[in-house]
file input06.txt (compact mmCIF, N, CA and C atoms)
# COMPACT_ATOMS: atom_id res chain seq x y z
N GLY K 26 0.80 -1.18 0.00
CA GLY K 26 0.00 0.00 0.00
C GLY K 26 0.86 1.26 0.00
N ALA K 27 0.20 2.35 0.24
CA ALA K 27 0.86 3.66 0.20
C ALA K 27 1.93 3.79 1.27
N GLU K 28 1.66 3.27 2.47
CA GLU K 28 2.65 3.42 3.55
C GLU K 28 3.95 2.69 3.22
N ALA K 29 3.84 1.48 2.69
CA ALA K 29 5.04 0.72 2.33
C ALA K 29 5.79 1.40 1.19
N ALA K 30 5.05 1.93 0.22
CA ALA K 30 5.69 2.63 -0.90
C ALA K 30 6.40 3.89 -0.42
N LEU K 31 5.79 4.62 0.50
CA LEU K 31 6.41 5.82 1.05
C LEU K 31 7.69 5.47 1.81
N ARG K 32 7.64 4.40 2.59
CA ARG K 32 8.83 3.96 3.32
C ARG K 32 9.94 3.56 2.35
N ALA K 33 9.59 2.89 1.26
CA ALA K 33 10.59 2.49 0.26
C ALA K 33 11.24 3.71 -0.38
N VAL K 34 10.46 4.73 -0.68
CA VAL K 34 11.01 5.96 -1.26
C VAL K 34 11.99 6.60 -0.27
N ALA K 35 11.58 6.73 0.99
CA ALA K 35 12.45 7.34 2.00
C ALA K 35 13.71 6.51 2.22
N ASP K 36 13.58 5.19 2.26
CA ASP K 36 14.76 4.33 2.45
C ASP K 36 15.74 4.47 1.30
N ARG K 37 15.22 4.55 0.07
CA ARG K 37 16.09 4.69 -1.10
C ARG K 37 16.85 6.02 -1.05
N ILE K 38 16.15 7.09 -0.74
CA ILE K 38 16.79 8.41 -0.68
C ILE K 38 17.82 8.45 0.44
N ALA K 39 17.48 7.86 1.59
CA ALA K 39 18.42 7.83 2.72
C ALA K 39 19.68 7.05 2.37
N ALA K 40 19.55 6.03 1.54
CA ALA K 40 20.71 5.24 1.13
C ALA K 40 21.56 5.98 0.10
N GLU K 41 20.95 6.87 -0.67
CA GLU K 41 21.65 7.56 -1.76
C GLU K 41 22.24 8.91 -1.35
N LEU K 42 21.68 9.54 -0.32
CA LEU K 42 22.11 10.88 0.06
C LEU K 42 22.62 10.90 1.50
N PRO K 43 23.52 11.82 1.84
CA PRO K 43 24.09 11.86 3.19
C PRO K 43 23.17 12.56 4.19
N VAL K 44 22.06 11.89 4.54
CA VAL K 44 21.11 12.46 5.49
C VAL K 44 21.20 11.75 6.83
N HIS K 45 20.78 12.45 7.86
CA HIS K 45 20.69 11.84 9.19
C HIS K 45 19.31 11.25 9.42
N ALA K 46 18.28 11.92 8.88
CA ALA K 46 16.91 11.44 9.06
C ALA K 46 16.02 12.03 7.97
N LEU K 47 14.96 11.29 7.65
CA LEU K 47 13.92 11.74 6.72
C LEU K 47 12.57 11.44 7.34
N ALA K 48 11.59 12.27 7.05
CA ALA K 48 10.23 12.01 7.52
C ALA K 48 9.24 12.55 6.50
N ALA K 49 8.11 11.88 6.39
CA ALA K 49 7.03 12.34 5.53
C ALA K 49 5.71 11.92 6.15
N VAL K 50 4.75 12.80 6.10
CA VAL K 50 3.39 12.51 6.59
C VAL K 50 2.42 12.99 5.52
N HIS K 51 1.50 12.11 5.13
CA HIS K 51 0.47 12.48 4.17
C HIS K 51 -0.87 12.31 4.84
N ARG K 52 -1.65 13.38 4.88
CA ARG K 52 -2.96 13.33 5.53
C ARG K 52 -3.94 12.50 4.74
N THR K 53 -4.92 12.00 5.45
CA THR K 53 -6.04 11.30 4.82
C THR K 53 -7.33 11.96 5.32
N GLY K 54 -8.41 11.65 4.67
CA GLY K 54 -9.69 12.21 5.07
C GLY K 54 -10.04 13.44 4.27
N LEU K 55 -11.06 14.15 4.73
CA LEU K 55 -11.58 15.32 4.04
C LEU K 55 -10.67 16.52 4.26
N LEU K 56 -10.25 17.13 3.17
CA LEU K 56 -9.42 18.34 3.23
C LEU K 56 -10.09 19.44 2.43
N ALA K 57 -10.00 20.65 2.91
CA ALA K 57 -10.50 21.80 2.18
C ALA K 57 -9.40 22.33 1.26
N VAL K 58 -9.77 23.09 0.25
CA VAL K 58 -8.79 23.71 -0.63
C VAL K 58 -7.85 24.56 0.23
N GLY K 59 -6.56 24.38 0.03
CA GLY K 59 -5.56 25.13 0.78
C GLY K 59 -5.05 24.42 2.02
N ASP K 60 -5.72 23.33 2.45
CA ASP K 60 -5.22 22.57 3.60
C ASP K 60 -3.90 21.90 3.25
N ILE K 61 -3.06 21.72 4.23
CA ILE K 61 -1.78 21.03 4.02
C ILE K 61 -2.06 19.53 3.95
N ALA K 62 -1.65 18.92 2.84
CA ALA K 62 -1.89 17.49 2.63
C ALA K 62 -0.66 16.65 2.93
N VAL K 63 0.52 17.20 2.68
CA VAL K 63 1.75 16.41 2.87
C VAL K 63 2.84 17.32 3.44
N VAL K 64 3.63 16.73 4.35
CA VAL K 64 4.77 17.43 4.95
C VAL K 64 5.96 16.50 4.87
N VAL K 65 7.11 17.03 4.44
CA VAL K 65 8.35 16.26 4.44
C VAL K 65 9.40 17.03 5.22
N ALA K 66 10.33 16.28 5.81
CA ALA K 66 11.43 16.89 6.55
C ALA K 66 12.68 16.08 6.33
N ALA K 67 13.82 16.76 6.36
CA ALA K 67 15.11 16.10 6.19
C ALA K 67 16.13 16.75 7.11
N SER K 68 17.00 15.91 7.65
CA SER K 68 18.09 16.39 8.49
C SER K 68 19.40 15.91 7.89
N ALA K 69 20.36 16.84 7.76
CA ALA K 69 21.67 16.51 7.21
C ALA K 69 22.69 17.46 7.83
N SER K 70 23.95 17.17 7.64
CA SER K 70 25.01 18.01 8.19
C SER K 70 25.06 19.38 7.54
N HIS K 71 24.59 19.47 6.31
CA HIS K 71 24.62 20.73 5.58
C HIS K 71 23.24 21.04 5.01
N ARG K 72 22.88 22.30 5.02
CA ARG K 72 21.56 22.75 4.58
C ARG K 72 21.24 22.29 3.15
N GLY K 73 22.19 22.43 2.24
CA GLY K 73 21.95 22.04 0.86
C GLY K 73 21.61 20.56 0.72
N GLN K 74 22.28 19.72 1.49
CA GLN K 74 21.99 18.29 1.46
C GLN K 74 20.57 18.01 1.97
N ALA K 75 20.17 18.72 3.03
CA ALA K 75 18.83 18.53 3.57
C ALA K 75 17.77 18.98 2.57
N PHE K 76 18.01 20.14 1.93
CA PHE K 76 17.06 20.63 0.93
C PHE K 76 16.95 19.65 -0.25
N GLU K 77 18.08 19.14 -0.70
CA GLU K 77 18.06 18.18 -1.81
C GLU K 77 17.27 16.93 -1.43
N ALA K 78 17.50 16.43 -0.23
CA ALA K 78 16.80 15.22 0.21
C ALA K 78 15.30 15.48 0.34
N ALA K 79 14.92 16.61 0.91
CA ALA K 79 13.50 16.93 1.05
C ALA K 79 12.84 17.08 -0.32
N ARG K 80 13.53 17.73 -1.24
CA ARG K 80 13.00 17.90 -2.60
C ARG K 80 12.82 16.55 -3.28
N ARG K 81 13.83 15.69 -3.17
CA ARG K 81 13.71 14.36 -3.76
C ARG K 81 12.58 13.57 -3.12
N LEU K 82 12.44 13.70 -1.80
CA LEU K 82 11.40 12.94 -1.09
C LEU K 82 10.02 13.35 -1.58
N ILE K 83 9.72 14.64 -1.66
CA ILE K 83 8.40 15.05 -2.11
C ILE K 83 8.18 14.73 -3.58
N ASP K 84 9.19 14.94 -4.42
CA ASP K 84 9.04 14.65 -5.84
C ASP K 84 8.82 13.17 -6.09
N ASP K 85 9.62 12.31 -5.44
CA ASP K 85 9.47 10.87 -5.63
C ASP K 85 8.17 10.36 -5.03
N LEU K 86 7.78 10.92 -3.90
CA LEU K 86 6.51 10.53 -3.28
C LEU K 86 5.36 10.81 -4.25
N LYS K 87 5.32 12.02 -4.78
CA LYS K 87 4.23 12.39 -5.70
C LYS K 87 4.25 11.55 -6.98
N ALA K 88 5.45 11.15 -7.43
CA ALA K 88 5.57 10.41 -8.68
C ALA K 88 5.27 8.92 -8.53
N THR K 89 5.52 8.35 -7.34
CA THR K 89 5.47 6.89 -7.24
C THR K 89 4.53 6.31 -6.19
N VAL K 90 4.19 7.06 -5.15
CA VAL K 90 3.36 6.50 -4.08
C VAL K 90 1.89 6.57 -4.49
N PRO K 91 1.17 5.45 -4.37
CA PRO K 91 -0.23 5.41 -4.83
C PRO K 91 -1.17 6.12 -3.86
N ILE K 92 -1.22 7.45 -3.99
CA ILE K 92 -2.12 8.26 -3.18
C ILE K 92 -3.20 8.80 -4.10
N TRP K 93 -4.44 8.45 -3.80
CA TRP K 93 -5.56 8.85 -4.61
C TRP K 93 -6.38 9.89 -3.88
N LYS K 94 -7.03 10.75 -4.64
CA LYS K 94 -7.91 11.73 -4.01
C LYS K 94 -9.15 11.93 -4.86
N ARG K 95 -10.24 12.22 -4.17
CA ARG K 95 -11.50 12.54 -4.84
C ARG K 95 -11.69 14.04 -4.70
N GLN K 96 -11.79 14.71 -5.84
CA GLN K 96 -12.01 16.15 -5.83
C GLN K 96 -13.50 16.40 -6.04
N VAL K 97 -14.06 17.27 -5.20
CA VAL K 97 -15.47 17.64 -5.30
C VAL K 97 -15.51 19.13 -5.62
N PHE K 98 -16.18 19.48 -6.70
CA PHE K 98 -16.23 20.86 -7.18
C PHE K 98 -17.50 21.56 -6.69
N ASP K 99 -17.50 22.89 -6.74
CA ASP K 99 -18.63 23.69 -6.26
C ASP K 99 -19.95 23.31 -6.94
N ASP K 100 -19.87 22.87 -8.20
CA ASP K 100 -21.10 22.53 -8.92
C ASP K 100 -21.57 21.11 -8.63
N GLY K 101 -20.88 20.42 -7.70
CA GLY K 101 -21.28 19.05 -7.33
C GLY K 101 -20.58 17.97 -8.12
N GLU K 102 -19.91 18.34 -9.20
CA GLU K 102 -19.16 17.35 -9.99
C GLU K 102 -18.02 16.80 -9.14
N GLN K 103 -17.64 15.55 -9.42
CA GLN K 103 -16.56 14.90 -8.70
C GLN K 103 -15.65 14.18 -9.68
N GLU K 104 -14.37 14.04 -9.29
CA GLU K 104 -13.45 13.24 -10.08
C GLU K 104 -12.39 12.66 -9.17
N TRP K 105 -11.91 11.47 -9.50
CA TRP K 105 -10.81 10.83 -8.78
C TRP K 105 -9.52 11.16 -9.50
N VAL K 106 -8.47 11.48 -8.73
CA VAL K 106 -7.17 11.84 -9.28
C VAL K 106 -6.14 10.87 -8.73
N GLY K 107 -5.22 10.42 -9.58
CA GLY K 107 -4.14 9.56 -9.15
C GLY K 107 -4.48 8.09 -9.06
N THR K 108 -5.63 7.70 -9.58
CA THR K 108 -5.99 6.29 -9.53
C THR K 108 -5.30 5.54 -10.66
N PRO K 109 -5.06 4.25 -10.45
CA PRO K 109 -4.37 3.48 -11.50
C PRO K 109 -5.21 3.33 -12.76

call {"tool": "encode", "arguments": {"input": "input06.txt", "output": "structure tokens"}}
result
Amino acid sequence: GAEAALRAVADRIAAELPVHALAAVHRTGLLAVGDIAVVVAASASHRGQAFEAARRLIDDLKATVPIWKRQVFDDGEQEWVGTP
């Protein structure tokens, strides 16, 4: 599932980059427009390394982790995004 895929992404990045720690949390449930859906964090000896790791973590998460969402529009229309 999504949790295992997220862990695999973080493990791969931690193995490839000189980080001390990585973290990512993706919310579930009903969110309003503008709510924070995902947060990533990275710790490294140097700021640039941490920024690179955090950028890779969010980019890879969005590209590979199976996170689906149902968007509901003001007119009542709905659509699923990110489904296989």

call {"tool": "residues_around", "arguments": {"input": "input06.txt", "residues": "range 79-92 of chain K", "least_positions_apart": "3", "cutoff": "5 Å", "atoms": "only N, CA and C atoms", "output": "list of chain:residue names"}}
result
K:Ala27, K:Ala75, K:Phe76

call {"tool": "closest_residue", "arguments": {"input": "input06.txt", "among": "K:Arg37, K:His45, K:Arg95, K:Arg32", "to": "Ser68 in chain K", "atoms": "only N, CA and C atoms"}}
result
K:His45

call {"tool": "atom_distance", "arguments": {"input": "input06.txt", "atom1": "CA of Leu56 in chain K", "atom2": "CA of Trp93 in chain K"}}
result
12.9 Å

call {"tool": "axis_aligned_box", "arguments": {"input": "input06.txt", "around": "range 57-62 of chain K", "padding_each_side": "3 Å", "output": "AutoDock Vina command-line options"}}
result
--center_x -5.6 --center_y 20.9 --center_z 1.8 --size_x 15.8 --size_y 14.5 --size_z 10.9

call {"tool": "closest_residue", "arguments": {"input": "input06.txt", "among": "K:Gly107, K:Lys94, K:Gln74, K:Ala62", "to": "Ala39 in chain K", "atoms": "only C-alpha atoms"}}
result
K:Gln74

call {"tool": "atom_distance", "arguments": {"input": "input06.txt", "atom1": "atom C of Ala78 in chain K", "atom2": "atom N of Ala33 in chain K"}}
result
13.9 Å

call {"tool": "atom_distance", "arguments": {"input": "input06.txt", "atom1": "CA of Val44 in chain K", "atom2": "atom N of Val64 in chain K"}}
result
18.0 Å

call {"tool": "select_by_dssp", "arguments": {"input": "input06.txt", "residues": "chain K", "states": "strand (DSSP E)", "output": "NGL selection string"}}
result
:K and (44-51 or 63-69 or 94-97 or 103-106)

call {"tool": "write_last_selection", "arguments": {"input": "input06.txt", "atoms": "N, CA and C atoms", "output": "PDB file, in the frame of the given file"}}
result
ATOM      1  N   VAL K  44      22.060  11.890   4.540  1.00  0.00           N
ATOM      2  CA  VAL K  44      21.110  12.460   5.490  1.00  0.00           C
ATOM      3  C   VAL K  44      21.200  11.750   6.830  1.00  0.00           C
ATOM      4  N   HIS K  45      20.780  12.450   7.860  1.00  0.00           N
ATOM      5  CA  HIS K  45      20.690  11.840   9.190  1.00  0.00           C
ATOM      6  C   HIS K  45      19.310  11.250   9.420  1.00  0.00           C
ATOM      7  N   ALA K  46      18.280  11.920   8.880  1.00  0.00           N
ATOM      8  CA  ALA K  46      16.910  11.440   9.060  1.00  0.00           C
ATOM      9  C   ALA K  46      16.020  12.030   7.970  1.00  0.00           C
ATOM     10  N   LEU K  47      14.960  11.290   7.650  1.00  0.00           N
ATOM     11  CA  LEU K  47      13.920  11.740   6.720  1.00  0.00           C
ATOM     12  C   LEU K  47      12.570  11.440   7.340  1.00  0.00           C
ATOM     13  N   ALA K  48      11.590  12.270   7.050  1.00  0.00           N
ATOM     14  CA  ALA K  48      10.230  12.010   7.520  1.00  0.00           C
ATOM     15  C   ALA K  48       9.240  12.550   6.500  1.00  0.00           C
ATOM     16  N   ALA K  49       8.110  11.880   6.390  1.00  0.00           N
ATOM     17  CA  ALA K  49       7.030  12.340   5.530  1.00  0.00           C
ATOM     18  C   ALA K  49       5.710  11.920   6.150  1.00  0.00           C
ATOM     19  N   VAL K  50       4.750  12.800   6.100  1.00  0.00           N
ATOM     20  CA  VAL K  50       3.390  12.510   6.590  1.00  0.00           C
ATOM     21  C   VAL K  50       2.420  12.990   5.520  1.00  0.00           C
ATOM     22  N   HIS K  51       1.500  12.110   5.130  1.00  0.00           N
ATOM     23  CA  HIS K  51       0.470  12.480   4.170  1.00  0.00           C
ATOM     24  C   HIS K  51      -0.870  12.310   4.840  1.00  0.00           C
ATOM     25  N   VAL K  63       0.520  17.200   2.680  1.00  0.00           N
ATOM     26  CA  VAL K  63       1.750  16.410   2.870  1.00  0.00           C
ATOM     27  C   VAL K  63       2.840  17.320   3.440  1.00  0.00           C
ATOM     28  N   VAL K  64       3.630  16.730   4.350  1.00  0.00           N
ATOM     29  CA  VAL K  64       4.770  17.430   4.950  1.00  0.00           C
ATOM     30  C   VAL K  64       5.960  16.500   4.870  1.00  0.00           C
ATOM     31  N   VAL K  65       7.110  17.030   4.440  1.00  0.00           N
ATOM     32  CA  VAL K  65       8.350  16.260   4.440  1.00  0.00           C
ATOM     33  C   VAL K  65       9.400  17.030   5.220  1.00  0.00           C
ATOM     34  N   ALA K  66      10.330  16.280   5.810  1.00  0.00           N
ATOM     35  CA  ALA K  66      11.430  16.890   6.550  1.00  0.00           C
ATOM     36  C   ALA K  66      12.680  16.080   6.330  1.00  0.00           C
ATOM     37  N   ALA K  67      13.820  16.760   6.360  1.00  0.00           N
ATOM     38  CA  ALA K  67      15.110  16.100   6.190  1.00  0.00           C
ATOM     39  C   ALA K  67      16.130  16.750   7.110  1.00  0.00           C
ATOM     40  N   SER K  68      17.000  15.910   7.650  1.00  0.00           N
ATOM     41  CA  SER K  68      18.090  16.390   8.490  1.00  0.00           C
ATOM     42  C   SER K  68      19.400  15.910   7.890  1.00  0.00           C
ATOM     43  N   ALA K  69      20.360  16.840   7.760  1.00  0.00           N
ATOM     44  CA  ALA K  69      21.670  16.510   7.210  1.00  0.00           C
ATOM     45  C   ALA K  69      22.690  17.460   7.830  1.00  0.00           C
ATOM     46  N   LYS K  94      -7.030  10.750  -4.640  1.00  0.00           N
ATOM     47  CA  LYS K  94      -7.910  11.730  -4.010  1.00  0.00           C
ATOM     48  C   LYS K  94      -9.150  11.930  -4.860  1.00  0.00           C
ATOM     49  N   ARG K  95     -10.240  12.220  -4.170  1.00  0.00           N
ATOM     50  CA  ARG K  95     -11.500  12.540  -4.840  1.00  0.00           C
ATOM     51  C   ARG K  95     -11.690  14.040  -4.700  1.00  0.00           C
ATOM     52  N   GLN K  96     -11.790  14.710  -5.840  1.00  0.00           N
ATOM     53  CA  GLN K  96     -12.010  16.150  -5.830  1.00  0.00           C
ATOM     54  C   GLN K  96     -13.500  16.400  -6.040  1.00  0.00           C
ATOM     55  N   VAL K  97     -14.060  17.270  -5.200  1.00  0.00           N
ATOM     56  CA  VAL K  97     -15.470  17.640  -5.300  1.00  0.00           C
ATOM     57  C   VAL K  97     -15.510  19.130  -5.620  1.00  0.00           C
ATOM     58  N   GLN K 103     -17.640  15.550  -9.420  1.00  0.00           N
ATOM     59  CA  GLN K 103     -16.560  14.900  -8.700  1.00  0.00           C
ATOM     60  C   GLN K 103     -15.650  14.180  -9.680  1.00  0.00           C
ATOM     61  N   GLU K 104     -14.370  14.040  -9.290  1.00  0.00           N
ATOM     62  CA  GLU K 104     -13.450  13.240 -10.080  1.00  0.00           C
ATOM     63  C   GLU K 104     -12.390  12.660  -9.170  1.00  0.00           C
ATOM     64  N   TRP K 105     -11.910  11.470  -9.500  1.00  0.00           N
ATOM     65  CA  TRP K 105     -10.810  10.830  -8.780  1.00  0.00           C
ATOM     66  C   TRP K 105      -9.520  11.160  -9.500  1.00  0.00           C
ATOM     67  N   VAL K 106      -8.470  11.480  -8.730  1.00  0.00           N
ATOM     68  CA  VAL K 106      -7.170  11.840  -9.280  1.00  0.00           C
ATOM     69  C   VAL K 106      -6.140  10.870  -8.730  1.00  0.00           C
TER      70      VAL K 106
END

call {"tool": "closest_residue", "arguments": {"input": "input06.txt", "among": "K:Ala35, K:Val97, K:Ala40, K:Leu47", "to": "Ala69 in chain K", "atoms": "all atoms listed in the file"}}
result
K:Leu47

call {"tool": "select_by_dssp", "arguments": {"input": "input06.txt", "residues": "chain K", "states": "alpha helix (DSSP H)", "output": "PyMOL selection string"}}
result
chain K and resi 27-41+72-89

call {"tool": "closest_residue", "arguments": {"input": "input06.txt", "among": "K:Ala67, K:Glu104, K:Glu28, K:Phe98", "to": "Thr53 in chain K", "atoms": "only C-alpha atoms"}}
result
K:Glu28

call {"tool": "closest_residue", "arguments": {"input": "input06.txt", "among": "K:Ser70, K:Gln96, K:Pro43, K:Ala49", "to": "Leu31 in chain K", "atoms": "all atoms listed in the file"}}
result
K:Ala49
